[in-house]
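Trainee: My questions will all concern the structure given below.
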Amino acid sequence: MNFAPLPTVDVASVPADALLLDVREQDEWTAGHVEGALHVPMSDFVARFGEVTEAVADGRRAYVMCRVGGRSAQVTQYLVQQGIDAVNVEGGMIAWEAAGRPMTTQHGAPAVVL
């Protein structure tokens, strides 16, 4: 079988107004995330797939993130197979934090990547 390479981008290529899909688990999200990101943990992904299709209904590209890029690669592959324009953010939240891109929390504490 021939598999197309997984579409990926580095964190510097993610537009400020991008639709970010964060597939990390709740504890990771709580510790620190990108403001405005759509949080759909990989463990809930199939059950909450409708939220994702709704978010990309206008043809927006989904930038998929996890901690380092493994889980998000699996989700990106699934989305692409469903005909959704999705790319994996290389290096995930670790690379995002290292690049100094903005992060937030809901509880006012400094954002960290678990």
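In the structure tokens, each chain is lettered A, B, ... as it comes, each chain's residues begin at 1, and ligands are numbered from 1 in order of appearance.
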Find the residues around A:Gly70 up to 9 Å (only C-alpha atoms counted), leave out those fewer than 4 positions away in its own chain, and share them as a VMD selection string.
Mentor: chain A and resid 65 to 66 74 to 75 91 to 92
Trainee: For C-alpha atoms, I'd like the residues from the last selection saved as a CSV table (one decimal), in the first residue's frame.
Mentor:
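Contents of again_23.csv, freshly written:
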```csv
chain,number,residue,atom,x,y,z
A,65,MET,CA,-1.7,19.4,18.5
A,66,CYS,CA,-0.8,17.2,21.4
A,74,GLN,CA,-3.0,9.8,14.5
A,75,VAL,CA,-5.9,12.2,14.7
A,91,GLY,CA,6.6,19.1,18.1
A,92,GLY,CA,3.2,19.8,19.6
```
Trainee: Give me the residues near A:Leu19 as number ranges by chain, where near means some atom within 12 Å (using only C-alpha atoms) and where sequence neighbours in that chain fewer than 5 positions away do not count.
Mentor: A: 14, 34-39, 52-65, 85-87, 89
Trainee: Name the residues of chain A that come out as helix (DSSP H, G or I) in a backbone DSSP run; write them as a PyMOL selection string.
Mentor: chain A and resi 11-13+26-31+42-44+49-55+70-81+92-98
Trainee: Contacts of stretch 94-101 of chain A at 8 Å or less, counting only C-alpha atoms, minus same-chain residues fewer than 4 places along, as a list in words?
Mentor: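 Using only C-alpha atoms, the neighbours found are Val11, Ala12, Arg67, Val68, Glu90 and Val113 of chain A.
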Trainee: Here is a test: counting only C-alpha atoms, which residue of A:Gln77, A:Pro7, A:Ala47, A:Asn88 is nearest to A:Leu21?
Mentor: A:Asn88
